[in-house]
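Asks: I am sharing run-v6.cif, which consists of mmCIF, C-alpha atoms and all ligand atoms:
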data_structure
loop_
_atom_site.label_atom_id
_atom_site.label_comp_id
_atom_site.auth_asym_id
_atom_site.auth_seq_id
_atom_site.Cartn_x
_atom_site.Cartn_y
_atom_site.Cartn_z
CA MET A 1 -26.16 32.31 -1.14
CA THR A 2 -25.98 34.26 2.12
CA ASP A 3 -23.17 33.78 4.63
CA PHE A 4 -25.79 32.49 7.05
CA ALA A 5 -26.75 29.66 4.67
CA ARG A 6 -23.12 28.62 4.18
CA SER A 7 -22.36 28.37 7.86
CA ARG A 8 -24.02 25.96 10.26
CA VAL A 9 -24.29 26.88 13.91
CA SER A 10 -21.31 25.68 15.93
CA GLU A 11 -21.96 23.22 18.68
CA PRO A 12 -21.98 24.67 22.15
CA GLN A 13 -20.73 21.48 23.80
CA VAL A 14 -17.06 20.78 24.37
CA PHE A 15 -16.06 17.16 23.85
CA ASP A 16 -13.30 15.52 25.86
CA VAL A 17 -11.84 14.08 22.69
CA LEU A 18 -12.44 14.56 18.98
CA VAL A 19 -11.22 11.82 16.66
CA ILE A 20 -10.52 12.78 13.04
CA GLY A 21 -11.19 9.72 10.86
CA ALA A 22 -13.85 7.06 11.48
CA GLY A 23 -11.84 4.11 10.15
CA PRO A 24 -11.24 1.00 12.27
CA THR A 25 -8.56 2.79 14.30
CA GLY A 26 -10.57 5.94 14.86
CA LEU A 27 -13.54 3.84 16.01
CA ALA A 28 -11.28 1.92 18.43
CA CYS A 29 -9.99 5.25 19.83
CA ALA A 30 -13.51 6.60 20.41
CA ILE A 31 -14.67 3.33 21.99
CA GLU A 32 -11.74 3.18 24.41
CA ALA A 33 -12.20 6.87 25.29
CA GLN A 34 -15.89 6.25 26.04
CA ARG A 35 -15.03 3.21 28.12
CA ALA A 36 -12.73 5.46 30.14
CA GLY A 37 -15.72 7.70 30.84
CA LEU A 38 -14.84 10.40 28.32
CA LYS A 39 -17.16 12.13 25.87
CA ALA A 40 -15.94 11.41 22.36
CA VAL A 41 -16.98 12.49 18.87
CA LEU A 42 -15.72 11.24 15.51
CA VAL A 43 -15.60 13.29 12.30
CA ASP A 44 -15.07 11.72 8.88
CA LYS A 45 -14.86 13.29 5.43
CA GLY A 46 -16.78 10.32 4.02
CA CYS A 47 -18.92 7.53 5.40
CA LEU A 48 -18.16 5.23 8.32
CA CYS A 49 -15.00 3.28 7.39
CA ASN A 50 -14.67 5.34 4.24
CA SER A 51 -11.43 3.67 3.11
CA LEU A 52 -12.86 0.15 3.44
CA PHE A 53 -15.96 1.29 1.58
CA HIS A 54 -13.73 2.32 -1.35
CA TYR A 55 -11.80 -0.97 -1.49
CA PRO A 56 -12.57 -3.31 -4.42
CA ALA A 57 -16.24 -4.27 -4.19
CA HIS A 58 -15.68 -8.02 -3.93
CA MET A 59 -12.44 -8.01 -1.96
CA THR A 60 -11.57 -10.50 0.74
CA PHE A 61 -9.43 -9.36 3.66
CA PHE A 62 -5.99 -10.90 4.15
CA THR A 63 -6.70 -11.19 7.86
CA THR A 64 -8.86 -13.61 9.82
CA PRO A 65 -11.93 -11.96 11.43
CA GLU A 66 -10.76 -11.97 15.06
CA LEU A 67 -7.75 -9.81 14.12
CA LEU A 68 -10.07 -7.08 12.84
CA GLU A 69 -12.09 -6.92 16.08
CA ILE A 70 -12.37 -3.74 18.11
CA GLY A 71 -14.12 -2.94 21.39
CA ASP A 72 -14.04 -6.65 22.38
CA MET A 73 -16.94 -7.33 20.03
CA PRO A 74 -16.73 -10.69 18.27
CA PHE A 75 -16.52 -10.66 14.48
CA SER A 76 -17.93 -13.93 13.25
CA SER A 77 -17.84 -14.89 9.61
CA PRO A 78 -18.50 -18.18 7.84
CA ASN A 79 -15.36 -17.45 5.81
CA GLN A 80 -11.80 -18.01 6.92
CA LYS A 81 -11.14 -14.44 5.76
CA PRO A 82 -14.01 -11.97 5.78
CA THR A 83 -15.23 -9.99 2.80
CA ARG A 84 -15.38 -6.21 2.52
CA SER A 85 -19.15 -6.19 3.00
CA GLU A 86 -18.90 -8.37 6.13
CA ALA A 87 -16.32 -6.00 7.57
CA LEU A 88 -18.48 -2.98 6.80
CA GLU A 89 -21.42 -4.67 8.50
CA TYR A 90 -19.26 -5.56 11.52
CA TYR A 91 -18.02 -1.98 11.99
CA ARG A 92 -21.58 -0.61 11.59
CA LYS A 93 -22.72 -2.97 14.36
CA VAL A 94 -19.83 -1.93 16.59
CA ALA A 95 -20.65 1.76 16.07
CA GLU A 96 -24.28 1.05 16.91
CA HIS A 97 -23.44 -1.05 19.98
CA TYR A 98 -21.27 1.69 21.47
CA ALA A 99 -23.65 4.44 20.32
CA LEU A 100 -20.71 6.31 18.82
CA ASP A 101 -21.27 9.95 17.92
CA ILE A 102 -20.06 10.05 14.30
CA ARG A 103 -20.30 13.12 12.08
CA GLN A 104 -20.06 11.74 8.52
CA TYR A 105 -19.31 13.71 5.35
CA GLU A 106 -17.50 16.49 7.21
CA THR A 107 -13.89 17.19 6.21
CA VAL A 108 -11.63 18.63 8.88
CA ASP A 109 -9.82 21.49 7.14
CA LYS A 110 -7.91 22.97 10.04
CA VAL A 111 -7.58 23.00 13.79
CA THR A 112 -7.12 26.03 15.99
CA GLY A 113 -6.58 26.42 19.73
CA SER A 114 -4.32 24.45 21.99
CA ASP A 115 -4.29 21.65 24.54
CA GLY A 116 -7.49 21.75 26.58
CA ASP A 117 -9.44 23.82 24.03
CA PHE A 118 -9.10 22.84 20.37
CA THR A 119 -11.55 23.81 17.63
CA ALA A 120 -11.83 21.59 14.55
CA HIS A 121 -13.04 23.57 11.54
CA THR A 122 -14.89 21.29 9.15
CA THR A 123 -16.74 21.61 5.85
CA ASP A 124 -19.80 19.50 5.19
CA ARG A 125 -20.80 18.08 1.79
CA PHE A 126 -22.81 21.22 0.98
CA GLY A 127 -19.80 23.45 1.54
CA ARG A 128 -21.03 24.74 4.89
CA SER A 129 -18.59 25.24 7.74
CA VAL A 130 -19.04 23.62 11.14
CA HIS A 131 -16.96 23.95 14.31
CA HIS A 132 -16.44 21.34 17.02
CA ARG A 133 -14.61 22.03 20.26
CA ALA A 134 -12.67 19.39 22.17
CA ARG A 135 -10.09 19.22 24.91
CA LYS A 136 -7.96 16.64 23.10
CA LEU A 137 -7.58 15.50 19.47
CA VAL A 138 -6.78 12.15 17.90
CA ILE A 139 -5.67 12.06 14.26
CA ALA A 140 -6.56 8.73 12.60
CA THR A 141 -6.73 9.82 8.98
CA GLY A 142 -5.19 6.73 7.33
CA TYR A 143 -3.41 6.78 3.97
CA TYR A 144 -5.94 5.79 1.32
CA ASP A 145 -7.07 9.24 0.12
CA LEU A 146 -3.85 10.20 -1.65
CA PRO A 147 -2.49 7.98 -4.46
CA ASN A 148 1.21 7.93 -5.34
CA TYR A 149 1.08 9.55 -8.77
CA LEU A 150 3.43 8.52 -11.57
CA ASP A 151 3.75 12.05 -12.94
CA ILE A 152 3.77 10.92 -16.56
CA PRO A 153 2.05 12.46 -19.59
CA GLY A 154 -1.55 11.29 -19.91
CA GLU A 155 -2.02 10.36 -16.25
CA ASP A 156 -4.77 12.98 -16.06
CA LEU A 157 -6.90 11.27 -18.77
CA ASN A 158 -10.22 10.07 -17.41
CA LYS A 159 -9.44 6.49 -18.44
CA VAL A 160 -6.70 6.35 -15.78
CA HIS A 161 -7.76 5.19 -12.32
CA HIS A 162 -5.82 4.93 -9.08
CA TYR A 163 -8.48 2.81 -7.36
CA TYR A 164 -9.86 -0.51 -8.59
CA ASN A 165 -13.49 -1.36 -7.92
CA GLU A 166 -14.93 -4.13 -10.09
CA PRO A 167 -14.24 -5.84 -13.42
CA HIS A 168 -17.50 -5.70 -15.41
CA PRO A 169 -16.99 -2.31 -17.18
CA TYR A 170 -13.73 -3.56 -18.71
CA TYR A 171 -15.00 -6.73 -20.42
CA GLY A 172 -13.27 -7.30 -23.77
CA LEU A 173 -11.10 -4.19 -23.43
CA ASN A 174 -7.34 -3.64 -23.26
CA VAL A 175 -6.52 -2.84 -19.65
CA LEU A 176 -3.11 -1.96 -18.27
CA VAL A 177 -2.41 -2.57 -14.58
CA ILE A 178 0.63 -0.78 -13.16
CA GLY A 179 2.20 -2.10 -9.96
CA GLY A 180 3.72 -5.23 -8.45
CA LYS A 181 2.06 -5.67 -5.07
CA ASN A 182 -1.19 -7.19 -3.79
CA SER A 183 -3.55 -4.56 -5.19
CA ALA A 184 -2.09 -4.84 -8.69
CA ALA A 185 -2.03 -8.66 -8.60
CA ILE A 186 -5.63 -8.88 -7.35
CA ALA A 187 -6.92 -6.36 -9.91
CA ALA A 188 -5.05 -8.05 -12.80
CA LEU A 189 -6.47 -11.46 -11.86
CA ASP A 190 -10.01 -10.18 -11.33
CA LEU A 191 -10.00 -8.28 -14.65
CA TRP A 192 -8.60 -11.27 -16.55
CA ARG A 193 -11.15 -13.66 -14.97
CA HIS A 194 -13.95 -11.35 -16.12
CA GLY A 195 -12.89 -11.07 -19.74
CA ALA A 196 -10.55 -8.09 -19.92
CA LYS A 197 -7.30 -8.29 -21.95
CA VAL A 198 -4.79 -7.52 -19.22
CA THR A 199 -1.22 -6.26 -19.41
CA LEU A 200 0.79 -5.80 -16.24
CA VAL A 201 3.74 -3.43 -15.91
CA HIS A 202 6.05 -3.45 -12.92
CA ARG A 203 9.45 -1.85 -12.46
CA GLY A 204 10.72 -4.81 -10.36
CA GLU A 205 12.17 -8.07 -11.66
CA ALA A 206 9.04 -9.99 -10.69
CA MET A 207 5.94 -9.51 -8.53
CA HIS A 208 6.85 -8.13 -5.09
CA ARG A 209 7.78 -10.60 -2.33
CA HIS A 210 5.01 -9.15 -0.15
CA VAL A 211 2.28 -10.47 -2.46
CA LYS A 212 0.28 -12.91 -0.33
CA TYR A 213 1.35 -16.53 -0.64
CA TRP A 214 -2.02 -17.63 -2.00
CA ILE A 215 -2.14 -14.87 -4.65
CA LEU A 216 1.45 -15.06 -5.93
CA PRO A 217 1.29 -18.48 -7.68
CA ASP A 218 -2.01 -17.51 -9.27
CA ILE A 219 -0.66 -14.34 -10.92
CA ASN A 220 2.67 -15.99 -11.79
CA ASN A 221 0.89 -18.88 -13.51
CA ARG A 222 -1.35 -16.50 -15.49
CA VAL A 223 1.79 -14.70 -16.68
CA LYS A 224 3.58 -17.98 -17.45
CA ASN A 225 0.61 -19.14 -19.53
CA GLY A 226 0.48 -15.84 -21.42
CA GLU A 227 -3.03 -15.15 -20.10
CA VAL A 228 -1.78 -11.93 -18.54
CA LYS A 229 1.03 -10.26 -20.46
CA ALA A 230 3.63 -8.94 -18.00
CA TYR A 231 6.44 -6.46 -18.59
CA TYR A 232 8.87 -6.55 -15.65
CA ARG A 233 11.79 -4.12 -15.15
CA SER A 234 9.57 -1.79 -17.19
CA THR A 235 7.90 1.57 -16.68
CA VAL A 236 5.12 3.50 -18.37
CA ALA A 237 6.44 6.48 -20.35
CA GLU A 238 3.19 7.95 -21.65
CA ILE A 239 -0.54 7.28 -21.76
CA SER A 240 -2.68 8.46 -24.68
CA GLU A 241 -6.36 7.99 -25.55
CA ASP A 242 -5.84 4.70 -27.42
CA ALA A 243 -2.39 3.46 -26.38
CA VAL A 244 0.30 3.31 -23.72
CA SER A 245 4.04 3.60 -24.32
CA LEU A 246 6.32 1.49 -22.17
CA ASP A 247 10.06 1.53 -21.52
CA THR A 248 11.10 -2.12 -21.36
CA PRO A 249 14.52 -3.86 -21.22
CA GLU A 250 13.99 -4.67 -24.91
CA GLY A 251 13.38 -0.99 -25.75
CA PRO A 252 10.24 1.14 -26.18
CA VAL A 253 6.96 -0.69 -26.74
CA THR A 254 3.57 0.86 -27.60
CA ILE A 255 0.44 -1.23 -27.06
CA PRO A 256 -3.26 -0.52 -27.62
CA ASN A 257 -5.06 0.49 -24.45
CA ASP A 258 -8.56 1.42 -23.26
CA PHE A 259 -8.11 1.77 -19.48
CA VAL A 260 -5.26 2.06 -16.99
CA PHE A 261 -5.19 1.11 -13.30
CA ALA A 262 -2.16 2.73 -11.69
CA LEU A 263 -2.05 0.80 -8.41
CA THR A 264 1.22 2.18 -7.13
CA GLY A 265 0.27 2.81 -3.53
CA TYR A 266 -1.04 5.65 -1.40
CA HIS A 267 0.38 7.92 1.28
CA PRO A 268 -0.85 9.79 4.36
CA ASP A 269 -1.77 13.46 4.11
CA PHE A 270 1.53 14.73 5.51
CA THR A 271 0.59 18.35 4.76
CA PHE A 272 -2.47 18.08 6.99
CA ILE A 273 -0.43 16.53 9.82
CA GLU A 274 2.24 19.24 9.56
CA ARG A 275 -0.38 22.01 9.49
CA LEU A 276 -1.42 20.84 12.95
CA GLY A 277 2.14 21.57 14.09
CA VAL A 278 3.10 17.89 14.30
CA GLN A 279 6.69 17.35 13.20
CA LEU A 280 7.64 14.64 10.72
CA ASP A 281 10.92 12.79 11.25
CA ALA A 282 12.78 13.17 7.93
CA THR A 283 15.33 10.56 9.07
CA ASN A 284 12.61 7.98 9.78
CA ASP A 285 10.34 7.81 6.71
CA ARG A 286 8.43 10.92 7.81
CA CYS A 287 6.99 9.25 10.90
CA PRO A 288 5.14 11.88 12.92
CA VAL A 289 6.99 12.65 16.13
CA CYS A 290 5.10 11.03 19.01
CA ASP A 291 5.59 9.22 22.28
CA PRO A 292 5.62 5.47 21.49
CA VAL A 293 3.52 4.60 24.54
CA SER A 294 0.92 7.38 24.78
CA LEU A 295 1.05 8.27 21.05
CA GLU A 296 0.85 11.95 22.02
CA SER A 297 2.65 14.03 19.39
CA ASN A 298 5.06 16.91 19.90
CA VAL A 299 1.94 19.12 20.06
CA PRO A 300 0.48 18.67 23.57
CA GLY A 301 -3.04 17.27 23.39
CA ILE A 302 -2.78 15.96 19.80
CA TYR A 303 -2.47 12.16 19.47
CA LEU A 304 -1.76 10.02 16.39
CA ALA A 305 -3.35 6.66 15.69
CA GLY A 306 -3.37 3.93 13.06
CA VAL A 307 -1.37 3.66 9.90
CA ILE A 308 -0.17 7.30 9.96
CA VAL A 309 2.07 6.51 12.95
CA ALA A 310 4.44 4.66 10.57
CA GLY A 311 4.79 7.60 8.14
CA GLU A 312 5.66 6.43 4.64
CA ARG A 313 5.89 2.78 5.75
CA THR A 314 2.22 2.19 5.05
CA ASN A 315 2.63 -1.60 5.18
CA GLU A 316 3.78 -1.62 8.81
CA ILE A 317 0.57 -0.72 10.66
CA PHE A 318 -2.79 -2.00 9.52
CA ILE A 319 -6.08 -2.83 11.21
CA GLU A 320 -4.57 -5.87 12.96
CA ASN A 321 -2.14 -3.81 15.03
CA GLY A 322 -3.45 -0.22 14.68
CA ARG A 323 -6.63 -1.18 16.55
CA PHE A 324 -4.61 -1.33 19.81
CA HIS A 325 -3.72 2.37 19.59
CA GLY A 326 -7.14 3.23 21.01
CA LYS A 327 -6.35 1.73 24.42
CA GLN A 328 -2.86 3.30 24.53
CA ILE A 329 -4.32 6.74 23.87
CA ALA A 330 -7.32 6.32 26.18
CA ASP A 331 -5.03 5.35 29.09
CA ASP A 332 -3.09 8.58 28.64
CA LEU A 333 -6.20 10.69 28.05
CA SER A 334 -7.97 9.46 31.16
CA ALA A 335 -4.87 10.07 33.29
CA LYS A 336 -4.39 13.60 31.90
CA LEU A 337 -8.02 14.66 31.84
CA ARG A 338 -8.42 13.64 35.47
CA GLU A 339 -5.41 15.65 36.64
CA PRO A 340 -6.53 18.47 38.92
CA VAL A 341 -6.60 21.82 37.15
CA THR A 342 -3.81 24.09 38.40
CA THR A 343 -4.69 27.74 38.75
C1 LIG B 1 -7.20 -3.52 -0.62
C2 LIG B 1 -6.74 -3.45 0.81
C3 LIG B 1 -6.83 -4.58 1.62
C4 LIG B 1 -6.44 -4.54 2.96
N1 LIG B 1 -6.56 -5.67 3.72
C5 LIG B 1 -6.18 -5.63 5.03
C6 LIG B 1 -6.31 -6.78 5.87
O1 LIG B 1 -6.70 -7.86 5.44
N2 LIG B 1 -5.99 -6.66 7.19
C7 LIG B 1 -5.53 -5.49 7.72
O2 LIG B 1 -5.25 -5.45 8.94
N3 LIG B 1 -5.38 -4.39 6.95
C8 LIG B 1 -5.70 -4.44 5.63
N4 LIG B 1 -5.53 -3.32 4.83
C9 LIG B 1 -4.96 -2.10 5.42
C10 LIG B 1 -6.00 -1.40 6.27
O3 LIG B 1 -7.24 -1.32 5.63
C11 LIG B 1 -5.54 -0.02 6.69
O4 LIG B 1 -4.27 -0.11 7.25
C12 LIG B 1 -6.53 0.54 7.70
O5 LIG B 1 -7.75 0.88 7.07
C13 LIG B 1 -5.98 1.70 8.40
O6 LIG B 1 -6.94 2.08 9.36
P1 LIG B 1 -7.03 3.57 9.83
O7 LIG B 1 -8.22 3.65 10.72
O8 LIG B 1 -5.69 3.99 10.35
O9 LIG B 1 -7.27 4.40 8.48
P2 LIG B 1 -8.50 4.38 7.47
O10 LIG B 1 -9.25 3.11 7.54
O11 LIG B 1 -7.94 4.79 6.16
O12 LIG B 1 -9.44 5.54 8.05
C14 LIG B 1 -9.08 6.89 7.92
C15 LIG B 1 -10.36 7.72 7.84
O13 LIG B 1 -10.00 9.09 7.94
C16 LIG B 1 -10.87 9.84 7.11
N5 LIG B 1 -10.22 11.13 6.86
C17 LIG B 1 -9.04 11.36 6.24
N6 LIG B 1 -8.76 12.67 6.22
C18 LIG B 1 -9.80 13.30 6.85
C19 LIG B 1 -10.09 14.67 7.15
N7 LIG B 1 -9.25 15.67 6.83
N8 LIG B 1 -11.25 14.97 7.79
C20 LIG B 1 -12.10 13.98 8.15
N9 LIG B 1 -11.86 12.66 7.88
C21 LIG B 1 -10.72 12.34 7.26
C22 LIG B 1 -11.04 8.95 5.89
O14 LIG B 1 -12.21 9.28 5.18
C23 LIG B 1 -11.10 7.56 6.52
O15 LIG B 1 -12.43 7.12 6.80
C24 LIG B 1 -5.91 -3.35 3.49
C25 LIG B 1 -5.79 -2.22 2.68
C26 LIG B 1 -6.18 -2.27 1.34
C27 LIG B 1 -6.02 -1.03 0.50
#
Could you write out this structure as structure tokens?
Ligand SMILES: Cc1cc2nc3c(=O)[nH]c(=O)nc-3n(C[C@H](O)[C@H](O)[C@H](O)COP(=O)(O)OP(=O)(O)OC[C@H]3O[C@@H](n4cnc5c(N)ncnc54)[C@H](O)[C@@H]3O)c2cc1C

Replies:
Amino acid sequence: MTDFARSRVSEPQVFDVLVIGAGPTGLACAIEAQRAGLKAVLVDKGCLCNSLFHYPAHMTFFTTPELLEIGDMPFSSPNQKPTRSEALEYYRKVAEHYALDIRQYETVDKVTGSDGDFTAHTTDRFGRSVHHRARKLVIATGYYDLPNYLDIPGEDLNKVHHYYNEPHPYYGLNVLVIGGKNSAAIAALDLWRHGAKVTLVHRGEAMHRHVKYWILPDINNRVKNGEVKAYYRSTVAEISEDAVSLDTPEGPVTIPNDFVFALTGYHPDFTFIERLGVQLDATNDRCPVCDPVSLESNVPGIYLAGVIVAGERTNEIFIENGRFHGKQIADDLSAKLREPVTT
């Protein structure tokens, strides 16, 4: 292939603000920037709300619909808590209503330039490079792309998954779920209800206290009844094609196994954030250094939004509260971009 074919023509226009990540927070940032009269563009490595799209197919949010709203657009649902597909539909409608400029399936690899003239270098799904120029940048890249690996033998087998989608392919099979929080509890229950033989392994004494109050008794009762076999204070030592080896308080145990769901959490792409020059506070769970009001980082012109603001504490900021970052950033952007240029 020629160099010409691998490289798409860069856009001549310079945006006021480029938002990396078209999740709920990124959308809120672009909407608030547009409302402030600024020209915004969003770039996402996947589809609109890529993380939500990859959540379990039949999931129900923990949050009531109004707490997921952005851009003052009502989110109505017949359910007390909306489903994943309702949320995806809602965010599509919001994007349409505000005529957001979203470049999907473009991964931002690096950023060059400085405050007032940044260039985001992206790669599209055909491997072609694209450049977008913007005066300011907002990073809203979430945490769902990078699983917390266990680093144990066999984790690289193709029967091991770090994301749970739906139960049907596991009917009648021996499935191990690793983890003690909501994702593990929900997956274990869903798999068991659809005919899988489920074993749960968690290093804690019991399921985590953060498991939602309506899920916790359900999983605890399944364990009590022996419908889901749970090993607490236990870890997985090794995964092989047909078995898993566990370290339990009673000593090593090996059980037959067909599939493993290692649902042990995810983390932000700290390397990407640092490559932009943004410092991470090692004394504060690697929170990116930023002004708490404007959310501008230590790099002038680069703002942080959404769950990444809390560093490794990925359960501190979610859609409910991250959606307000858009207004905080837009207030600062509109003040700064309207300042007279000094010569
Ligand atoms: C199963 C599950 C259930 C949840 N339920 C709730 C709930 O009920 N209520 C609630 O408030 N929160 C809930 N959360 C948490 C919530 O979904 C996240 O906190 C939220 O999505 C964070 O929003 P965000 O916009 O910061 O990041 P994300 O939604 O993760 O968006 C980040 C985007 O950035 C893109 N991206 C990343 N890197 C790049 C790159 N280099 N170039 C281009 N694009 C990039 C990604 O593709 C993604 O689309 C849940 C999470 C999970 C896993």

Asks: Which one of A:Val160, A:Leu337, A:Ile20, A:Ala87 sits closest to Pro74 (chain A) if you count only C-alpha atoms?

Replies: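 The shortest atom-to-atom distance to Pro74 (chain A) comes from A:Ala87.
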
Asks: To check your reading of the model: which residues sit at most 7 Å from ligand LIG 1 (chain B) when counting all atoms listed in the file? Write the answer as a PyMOL selection string.

Replies: chain A and resi 20-26+43-52+55-56+61-63+68+106-109+140-145+183+305-308+317-320+322

Asks: Identify the residues within 6 Å of coordinate (0.3, -0.7, -10.1) (same frame as the file), considering all atoms listed in the file, and give the answer as a list in words.

Replies: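 Residues with an atom at most 6 Å from (0.3, -0.7, -10.1): Val177, Ile178, Gly179, Gly180, Ala184, Ala262, Leu263 and Thr264 of chain A.
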
Asks: May I ask which of the residues A:Ala36, A:Val244, A:Ala134, A:Arg286 is the closest one to Glu274 (chain A), counting all atoms listed in the file?

Replies: A:Arg286

Asks: Please report the interatomic distance between CA of Asn257 (chain A) and CA of Leu173 (chain A) in Å with one decimal.

Replies: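 Computed distance, CA of Asn257 (chain A) to CA of Leu173 (chain A), equals 7.7 Å.
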
Asks: Please compute the CA of Glu238 (chain A)-CA of Ala196 (chain A) distance, one decimal, in Å.

Replies: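 Interatomic distance, CA of Glu238 (chain A) to CA of Ala196 (chain A): 21.2 Å.
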
Asks: CA of Arg233 (chain A) and CA of Phe259 (chain A), how far apart in Å?

Replies: 21.2 Å

Asks: Just the residues within 7 Å of Thr235 (chain A), please, counting only C-alpha atoms, with nothing from its chain fewer than 6 positions along; format it as a list in words.

Replies: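 Near neighbours after the sequence-gap exclusion: Val201, His202, Arg203, Leu246, Asp247 and Thr248 of chain A.
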
Asks: Which residue gives the smallest distance to Ala30 (chain A) among A:Ala335, A:Ala187, A:Ala330, A:Val111, with all atoms listed in the file counted?

Replies: A:Ala330

Asks: Name all residues at most 7 Å from region 275-280 of chain A (count only C-alpha atoms; drop same-chain ones fewer than 3 positions away) and give them as a list of chain:residue names.

Replies: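 Once the nearby chain positions are removed, what remains is A:Val111, A:Thr271, A:Phe272, A:Arg286, A:Cys287, A:Pro288, A:Val289, A:Ser297, A:Asn298, A:Val299.
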
Asks: From the set A:Asp16, A:Glu155, A:Asp258, A:Asp190, which residue has the shortest atom-to-atom contact distance to Asp117 (chain A), counting only C-alpha atoms?

Replies: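 So, comparing all the options, the nearest one is A:Asp16.
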
Asks: If we count all atoms listed in the file, what is near region 213-215 of chain A at a cut-off of 8 Å, once residues fewer than 5 positions away on the same chain are taken out, given as a compact mmCIF listing (two decimals) with C-alpha atoms, in the coordinates of the input?

Replies:
# COMPACT_ATOMS: atom_id res chain seq x y z
CA ASN A 182 -1.19 -7.19 -3.79
CA ALA A 185 -2.03 -8.66 -8.60
CA ILE A 186 -5.63 -8.88 -7.35

Asks: With distances taken over all atoms listed in the file, which of A:Ile152, A:Pro82, A:Pro147, A:Val130 is nearest to Pro12 (chain A)?

Replies: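 Closest to Pro12 (chain A) of all the choices is A:Val130.
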
Asks: May I ask which of the residues A:Ile239, A:Met207, A:Val175, A:Ile139 is the closest one to Cys29 (chain A), counting all atoms listed in the file?

Replies: A:Ile139

Asks: What's the 10 Å shell around Asn158 (chain A), counting all atoms listed in the file, without same-chain residues fewer than 4 positions away, as a list in words?

Replies: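 Selected residues are Gly154, Glu241, Phe259 and Val260 of chain A.
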
Asks: Taking C-alpha atoms for each residue, export the selection above as a PDB file, in the frame of the given file.

Replies:
ATOM      1  CA  GLY A 154      -1.550  11.290 -19.910  1.00  0.00           C
ATOM      2  CA  GLU A 241      -6.360   7.990 -25.550  1.00  0.00           C
ATOM      3  CA  PHE A 259      -8.110   1.770 -19.480  1.00  0.00           C
ATOM      4  CA  VAL A 260      -5.260   2.060 -16.990  1.00  0.00           C
TER       5      VAL A 260
END

Asks: Using only C-alpha atoms, which residues sit within 6 Å of Leu42 (chain A) once same-chain residues fewer than 6 positions away are excluded, as a PDB file with C-alpha atoms, in the coordinates of the input?

Replies:
ATOM      1  CA  LEU A  18     -12.440  14.560  18.980  1.00  0.00           C
ATOM      2  CA  VAL A  19     -11.220  11.820  16.660  1.00  0.00           C
ATOM      3  CA  ILE A  20     -10.520  12.780  13.040  1.00  0.00           C
ATOM      4  CA  ILE A 102     -20.060  10.050  14.300  1.00  0.00           C
TER       5      ILE A 102
END

Asks: Taking the point (-9.1, 17.3, 26.2) as given in the file, collect each protein or nucleic acid residue that comes within 9 Å of it, counting all atoms listed in the file, and present the set as a PyMOL selection string.

Replies: chain A and resi 14-18+115-118+134-137+301+333+336-337
